[in-house]
Amino acid sequence: MPDLPSSGAPRVARVPQRVAVFVPCYVDTLFPEAAQAVVVVLERLGVEVAFPRAQTCCGQMHVNTGYQREALAMVRTFVRAFADAEAVVAPSASCVALVRDHYAHLAARSGDAALERAVADVVPRVRELSEFLVDDLGIEDVGASFPHAVTFHPTCHSVRMLHVGDRPRRLLRQVRGLRLMELPRSDQCCGFGGTFAVKNADTSAAMLADKVADVIGSRAEVLVAADNSCLMHIGGGLSRQRTGVRTMHLAEVLASTEGAGA
Amino acid sequence: MSAEGAARVPLPYLQAASAALQDAQQRRNLATATTTIRAKRAAVTEEMPDWEALRAAGAAIKAHTLANLAHYLERLEASVTAAGGRVHWARDAAEANALVRDLVRATGAREVIKVKSMTTDEIGLNRALAEDGVRAIETDLAELIVQLAGEAPSHILVPAIHKNRAEIRALFVRAFGLAPEALSDDPAELAGAARRYLRERFLDTGIAVSGANFAVAETGSVCVVESEGNGRMCTTLPHTLISVMGIEKVLPRWRDLEVFLQLLPRSSTAERMNPYTSVWTGVHEGDGPRAFHLILLDNGRSRTLADEVGRETLRCIRCSACLNVCPVYERVGGHAYGSVYPGPIGAILNPQLRDEPRDEALPYASTLCGACFEVCPVAIDIPRILVELRHRTVERKRERSPLPVPSAEDAAMQLAAGVFSNHRRYEAAQRMARWGQLPFVRQGALRSLPGPLAGWSVVRDLRPLPRQTFREWWRTRTAAERATSADTGGGDDA
């Protein structure tokens, strides 16, 4: 993926902050362009970005599959990596929700008081990308341009665990040239669910089939979401059925300056 | 005629789910039914300005009651007894069934009429009565249909969601001994036939068995809500009324009903108010049953209550809103869960209440999408409990295993945890995966994956790992920046 231009930036609402990005393991490994886009957007807005290399994975797959004991190693890695960060910004609602909803009780259960304190210290500073942009920076127009028909899948964890509401849509509405198409039954789960997609493969496939049909029904060229995990699943179905619909992370659309004349 | 004579042995969840997914007609029926009821429920809850406050009140009353359950159950026993009823305690299904059988036997009755009740389905009461040659007649229309067909209910609220009019007509002709030309498949005619059949039973039968939606400790009142009036008939006409109630259904005060009689119908049938709310307190001379027995059933509830995370499950008022919004229930239907409690609530209730090996698959039958938690009128955090039950399943499998070696999944998870515990190992694994994928890449995508990942590639492609991970990109970028300026850089790299 080519480097996206980070010039032509709009005003910065507040004093630039210094943030650390959390790049979930599967984004780092499979979808680096989404994390690169986060860096582009943040720097364009005047935010100084750090990437603490000690980070690995939040532990969601382990926790959600029942391997809480094993997940503890990842809780420790996470809080150590981000101990000094002013704010932690992540392009995954699902991983942020895991950190926010589960870290405290995992640490409490471990009986390690120091870990409990570290979790209590770090977790309130963790933000999903749209939360950080809209709430912390107070910005909806990030100076992006993307002249395409786009439909947005509000992922379950972003809506029902993080309660991001319409923040991602507000950001998309300010993107030059972007036509936001309605996604029928957008509140329906796509059927990914982590290891659910493998353990309950038939049910997951049935849910995917319905989601793919709805995406096609939206007549969009690009499907956008705030989680690469759901996009990997829906995109895998869109690709297998040769629908021609692309998937992009919200950050990639916000980083785009395609067709921006001035 | 009825299936009460033999207990069914349901297929394991995953097999039953896969089979159900092949049934295109059922999938269409379920999708239509659940989509309709979802929209209705949304409308009648959104119109309430204080819906969230009601949910919070419902959750708080239930949490308080559960925290003081022994106290309120003893108060309920005292109040019911003072009002002329009799209270019995049953530790499990067998004890509850034995109590009902003894009570019925003492009257010499050969038939009992029943109000639709999840709790008596849970304990298999109809089957137990059949062993004594006593016939239990379901009087709720849908329950009657399912019973006459010898099937099991597939939904808490709409037990015959899977049957159509023509099937019901054929069933009634056969069961009621009608001439085929005497009955059409017009819904009003079908209901009329059932009504004529049931009216005779209401008038003839001396014993009724019900469940209970609520019972009030303060007054000793028991409450059943329903739509057809059959419950009212059952609780007023017979000389003896036996109610089987899970111990978690008790409420402290009369005024608490105000909250639940708003929460339940709107969540359940998406009605502002249910047509019939029957409340009775003990017995009264010349009015209603002359004998009233309340059987308080534990059957795994105390064990569930003892659990810090799982106890929230006992707040459930059996409204079935979580079934209707669940994307998994919508696809696989109720029978796959192999229990009278299907859907999300079944996925957390069955593993705790009955704890059979087949229930271990149920907590995994969810994407953790959270739709159930969002609609639950008593705010049960179902996804959180699902995750907790998965944790327990893993731990138990480890304890149970006779071999010192872990299962393949367990071994993979331990290996992954080791990799993720340190970024250098993780980075090495990223490099290895890039090589490891090569045999599987076809025309720019991973189209057929090995081993446990094969389920993924049946319907989905996976794009190959890109040449560079994010962290590799970041390092080259930082190095380039360092080269161009004498700046110290991000200070990110240890």
# chains A, B, ... in the order shown; residues from 1 in each chain; ligands from 1
>>> interface_residues(of="chain B", to="chain A", cutoff="8 Å", atoms="only C-alpha atoms", output="JSON, numbers by chain")
{"B": [14, 17, 18, 21, 327, 328, 331, 332, 364, 365, 366, 367, 368, 369, 370, 371, 374, 387, 388, 389, 390, 391, 392, 393, 394, 413, 414, 417, 418, 420, 421, 422, 423, 426, 430, 452, 453, 454, 455, 456, 459, 460, 461, 462, 463, 464, 465, 466, 468, 469, 470, 471, 474, 490, 491, 492, 493, 494]}
>>> residues_around(residues="Arg110 of chain B", least_positions_apart="2", cutoff="8 Å", atoms="only C-alpha atoms", output="ChimeraX atom specification")
/B:108,112,133-135
>>> atom_distance(atom1="atom CA of Lys62 of chain B", atom2="atom CA of Ser243 of chain B")
20.8 Å
>>> select_by_dssp(residues="segment 51-101 of chain A", states="helix (DSSP H, G or I)", output="PyMOL selection string")
chain A and resi 60-65+68-81+93-101
>>> select_by_dssp(residues="segment 111-255 of chain B", states="strand (DSSP E or B)", output="VMD selection string")
chain B and resid 111 to 114 135 to 138 207 to 210 214 to 216 221 to 226 240 to 246 250 to 251
>>> write_last_selection(atoms="N, CA and C atoms", output="PDB file, in the first residue's frame")
ATOM      1  N   GLU B 111     -57.194 -37.002  34.681  1.00  0.00           N
ATOM      2  CA  GLU B 111     -56.787 -35.913  33.783  1.00  0.00           C
ATOM      3  C   GLU B 111     -56.501 -34.655  34.585  1.00  0.00           C
ATOM      4  N   VAL B 112     -55.537 -33.868  34.115  1.00  0.00           N
ATOM      5  CA  VAL B 112     -55.343 -32.527  34.675  1.00  0.00           C
ATOM      6  C   VAL B 112     -55.289 -31.545  33.511  1.00  0.00           C
ATOM      7  N   ILE B 113     -55.782 -30.334  33.739  1.00  0.00           N
ATOM      8  CA  ILE B 113     -55.628 -29.294  32.711  1.00  0.00           C
ATOM      9  C   ILE B 113     -54.459 -28.407  33.106  1.00  0.00           C
ATOM     10  N   LYS B 114     -53.766 -27.904  32.083  1.00  0.00           N
ATOM     11  CA  LYS B 114     -52.545 -27.147  32.360  1.00  0.00           C
ATOM     12  C   LYS B 114     -52.556 -25.761  31.726  1.00  0.00           C
ATOM     13  N   ARG B 135     -53.432 -38.028  32.298  1.00  0.00           N
ATOM     14  CA  ARG B 135     -53.226 -37.257  31.086  1.00  0.00           C
ATOM     15  C   ARG B 135     -53.228 -35.763  31.407  1.00  0.00           C
ATOM     16  N   ALA B 136     -52.152 -35.096  31.004  1.00  0.00           N
ATOM     17  CA  ALA B 136     -52.073 -33.644  31.194  1.00  0.00           C
ATOM     18  C   ALA B 136     -52.491 -32.974  29.899  1.00  0.00           C
ATOM     19  N   ILE B 137     -53.512 -32.128  29.968  1.00  0.00           N
ATOM     20  CA  ILE B 137     -54.016 -31.467  28.756  1.00  0.00           C
ATOM     21  C   ILE B 137     -53.561 -30.017  28.738  1.00  0.00           C
ATOM     22  N   GLU B 138     -52.754 -29.687  27.734  1.00  0.00           N
ATOM     23  CA  GLU B 138     -52.309 -28.300  27.594  1.00  0.00           C
ATOM     24  C   GLU B 138     -53.483 -27.465  27.084  1.00  0.00           C
ATOM     25  N   ILE B 207     -58.684 -30.829  38.432  1.00  0.00           N
ATOM     26  CA  ILE B 207     -57.356 -30.374  38.863  1.00  0.00           C
ATOM     27  C   ILE B 207     -56.680 -29.584  37.753  1.00  0.00           C
ATOM     28  N   ALA B 208     -56.096 -28.472  38.115  1.00  0.00           N
ATOM     29  CA  ALA B 208     -55.303 -27.707  37.158  1.00  0.00           C
ATOM     30  C   ALA B 208     -53.880 -27.572  37.690  1.00  0.00           C
ATOM     31  N   VAL B 209     -52.935 -27.537  36.731  1.00  0.00           N
ATOM     32  CA  VAL B 209     -51.539 -27.287  37.092  1.00  0.00           C
ATOM     33  C   VAL B 209     -51.077 -26.059  36.327  1.00  0.00           C
ATOM     34  N   SER B 210     -50.454 -25.158  37.040  1.00  0.00           N
ATOM     35  CA  SER B 210     -49.922 -23.948  36.402  1.00  0.00           C
ATOM     36  C   SER B 210     -48.485 -23.737  36.816  1.00  0.00           C
ATOM     37  N   PHE B 214     -45.040 -14.623  38.661  1.00  0.00           N
ATOM     38  CA  PHE B 214     -44.560 -13.920  39.846  1.00  0.00           C
ATOM     39  C   PHE B 214     -45.302 -14.443  41.063  1.00  0.00           C
ATOM     40  N   ALA B 215     -44.670 -14.288  42.222  1.00  0.00           N
ATOM     41  CA  ALA B 215     -45.369 -14.525  43.483  1.00  0.00           C
ATOM     42  C   ALA B 215     -44.903 -13.442  44.452  1.00  0.00           C
ATOM     43  N   VAL B 216     -45.843 -12.926  45.213  1.00  0.00           N
ATOM     44  CA  VAL B 216     -45.533 -11.786  46.078  1.00  0.00           C
ATOM     45  C   VAL B 216     -45.364 -12.271  47.520  1.00  0.00           C
ATOM     46  N   SER B 221     -49.597 -13.736  47.138  1.00  0.00           N
ATOM     47  CA  SER B 221     -50.323 -13.799  45.867  1.00  0.00           C
ATOM     48  C   SER B 221     -49.453 -14.406  44.776  1.00  0.00           C
ATOM     49  N   VAL B 222     -50.087 -15.196  43.906  1.00  0.00           N
ATOM     50  CA  VAL B 222     -49.388 -15.791  42.770  1.00  0.00           C
ATOM     51  C   VAL B 222     -50.020 -15.223  41.505  1.00  0.00           C
ATOM     52  N   CYS B 223     -49.155 -14.962  40.505  1.00  0.00           N
ATOM     53  CA  CYS B 223     -49.622 -14.265  39.310  1.00  0.00           C
ATOM     54  C   CYS B 223     -49.250 -15.020  38.045  1.00  0.00           C
ATOM     55  N   VAL B 224     -50.226 -15.151  37.138  1.00  0.00           N
ATOM     56  CA  VAL B 224     -49.967 -15.725  35.821  1.00  0.00           C
ATOM     57  C   VAL B 224     -50.472 -14.745  34.775  1.00  0.00           C
ATOM     58  N   VAL B 225     -49.642 -14.433  33.791  1.00  0.00           N
ATOM     59  CA  VAL B 225     -50.090 -13.568  32.705  1.00  0.00           C
ATOM     60  C   VAL B 225     -50.216 -14.400  31.434  1.00  0.00           C
ATOM     61  N   GLU B 226     -51.266 -14.124  30.650  1.00  0.00           N
ATOM     62  CA  GLU B 226     -51.504 -14.909  29.437  1.00  0.00           C
ATOM     63  C   GLU B 226     -52.396 -14.129  28.485  1.00  0.00           C
ATOM     64  N   THR B 240     -59.052 -28.044  42.582  1.00  0.00           N
ATOM     65  CA  THR B 240     -57.677 -28.060  43.092  1.00  0.00           C
ATOM     66  C   THR B 240     -56.747 -27.382  42.098  1.00  0.00           C
ATOM     67  N   LEU B 241     -55.911 -26.503  42.599  1.00  0.00           N
ATOM     68  CA  LEU B 241     -54.926 -25.818  41.750  1.00  0.00           C
ATOM     69  C   LEU B 241     -53.532 -26.075  42.315  1.00  0.00           C
ATOM     70  N   ILE B 242     -52.658 -26.576  41.438  1.00  0.00           N
ATOM     71  CA  ILE B 242     -51.268 -26.824  41.837  1.00  0.00           C
ATOM     72  C   ILE B 242     -50.377 -25.917  40.979  1.00  0.00           C
ATOM     73  N   SER B 243     -49.590 -25.076  41.629  1.00  0.00           N
ATOM     74  CA  SER B 243     -48.695 -24.195  40.881  1.00  0.00           C
ATOM     75  C   SER B 243     -47.246 -24.567  41.176  1.00  0.00           C
ATOM     76  N   VAL B 244     -46.487 -24.781  40.095  1.00  0.00           N
ATOM     77  CA  VAL B 244     -45.068 -25.123  40.243  1.00  0.00           C
ATOM     78  C   VAL B 244     -44.266 -23.891  39.850  1.00  0.00           C
ATOM     79  N   MET B 245     -43.443 -23.427  40.784  1.00  0.00           N
ATOM     80  CA  MET B 245     -42.766 -22.147  40.567  1.00  0.00           C
ATOM     81  C   MET B 245     -41.291 -22.254  40.913  1.00  0.00           C
ATOM     82  N   GLY B 246     -40.425 -21.767  40.016  1.00  0.00           N
ATOM     83  CA  GLY B 246     -39.001 -21.663  40.335  1.00  0.00           C
ATOM     84  C   GLY B 246     -38.814 -20.673  41.466  1.00  0.00           C
ATOM     85  N   VAL B 250     -40.039 -15.187  43.013  1.00  0.00           N
ATOM     86  CA  VAL B 250     -40.655 -14.425  44.111  1.00  0.00           C
ATOM     87  C   VAL B 250     -40.293 -12.939  44.002  1.00  0.00           C
ATOM     88  N   LEU B 251     -41.256 -12.091  44.341  1.00  0.00           N
ATOM     89  CA  LEU B 251     -41.020 -10.644  44.431  1.00  0.00           C
ATOM     90  C   LEU B 251     -41.342 -10.221  45.864  1.00  0.00           C
TER      91      LEU B 251
END
>>> atom_distance(atom1="atom CA of Pro265 of chain B", atom2="atom CA of Leu141 of chain B")
18.1 Å
>>> closest_residue(among="A:Met181, A:Val224, A:Val245, A:Ala144", to="Ala260 of chain A", atoms="only C-alpha atoms")
A:Ala144
>>> atom_distance(atom1="atom CA of Ala160 of chain B", atom2="atom CA of Thr205 of chain B")
24.9 Å
>>> closest_residue(among="A:Gly217, A:Pro154, A:Gly244, A:Gly143", to="Val40 of chain A", atoms="only C-alpha atoms")
A:Gly143
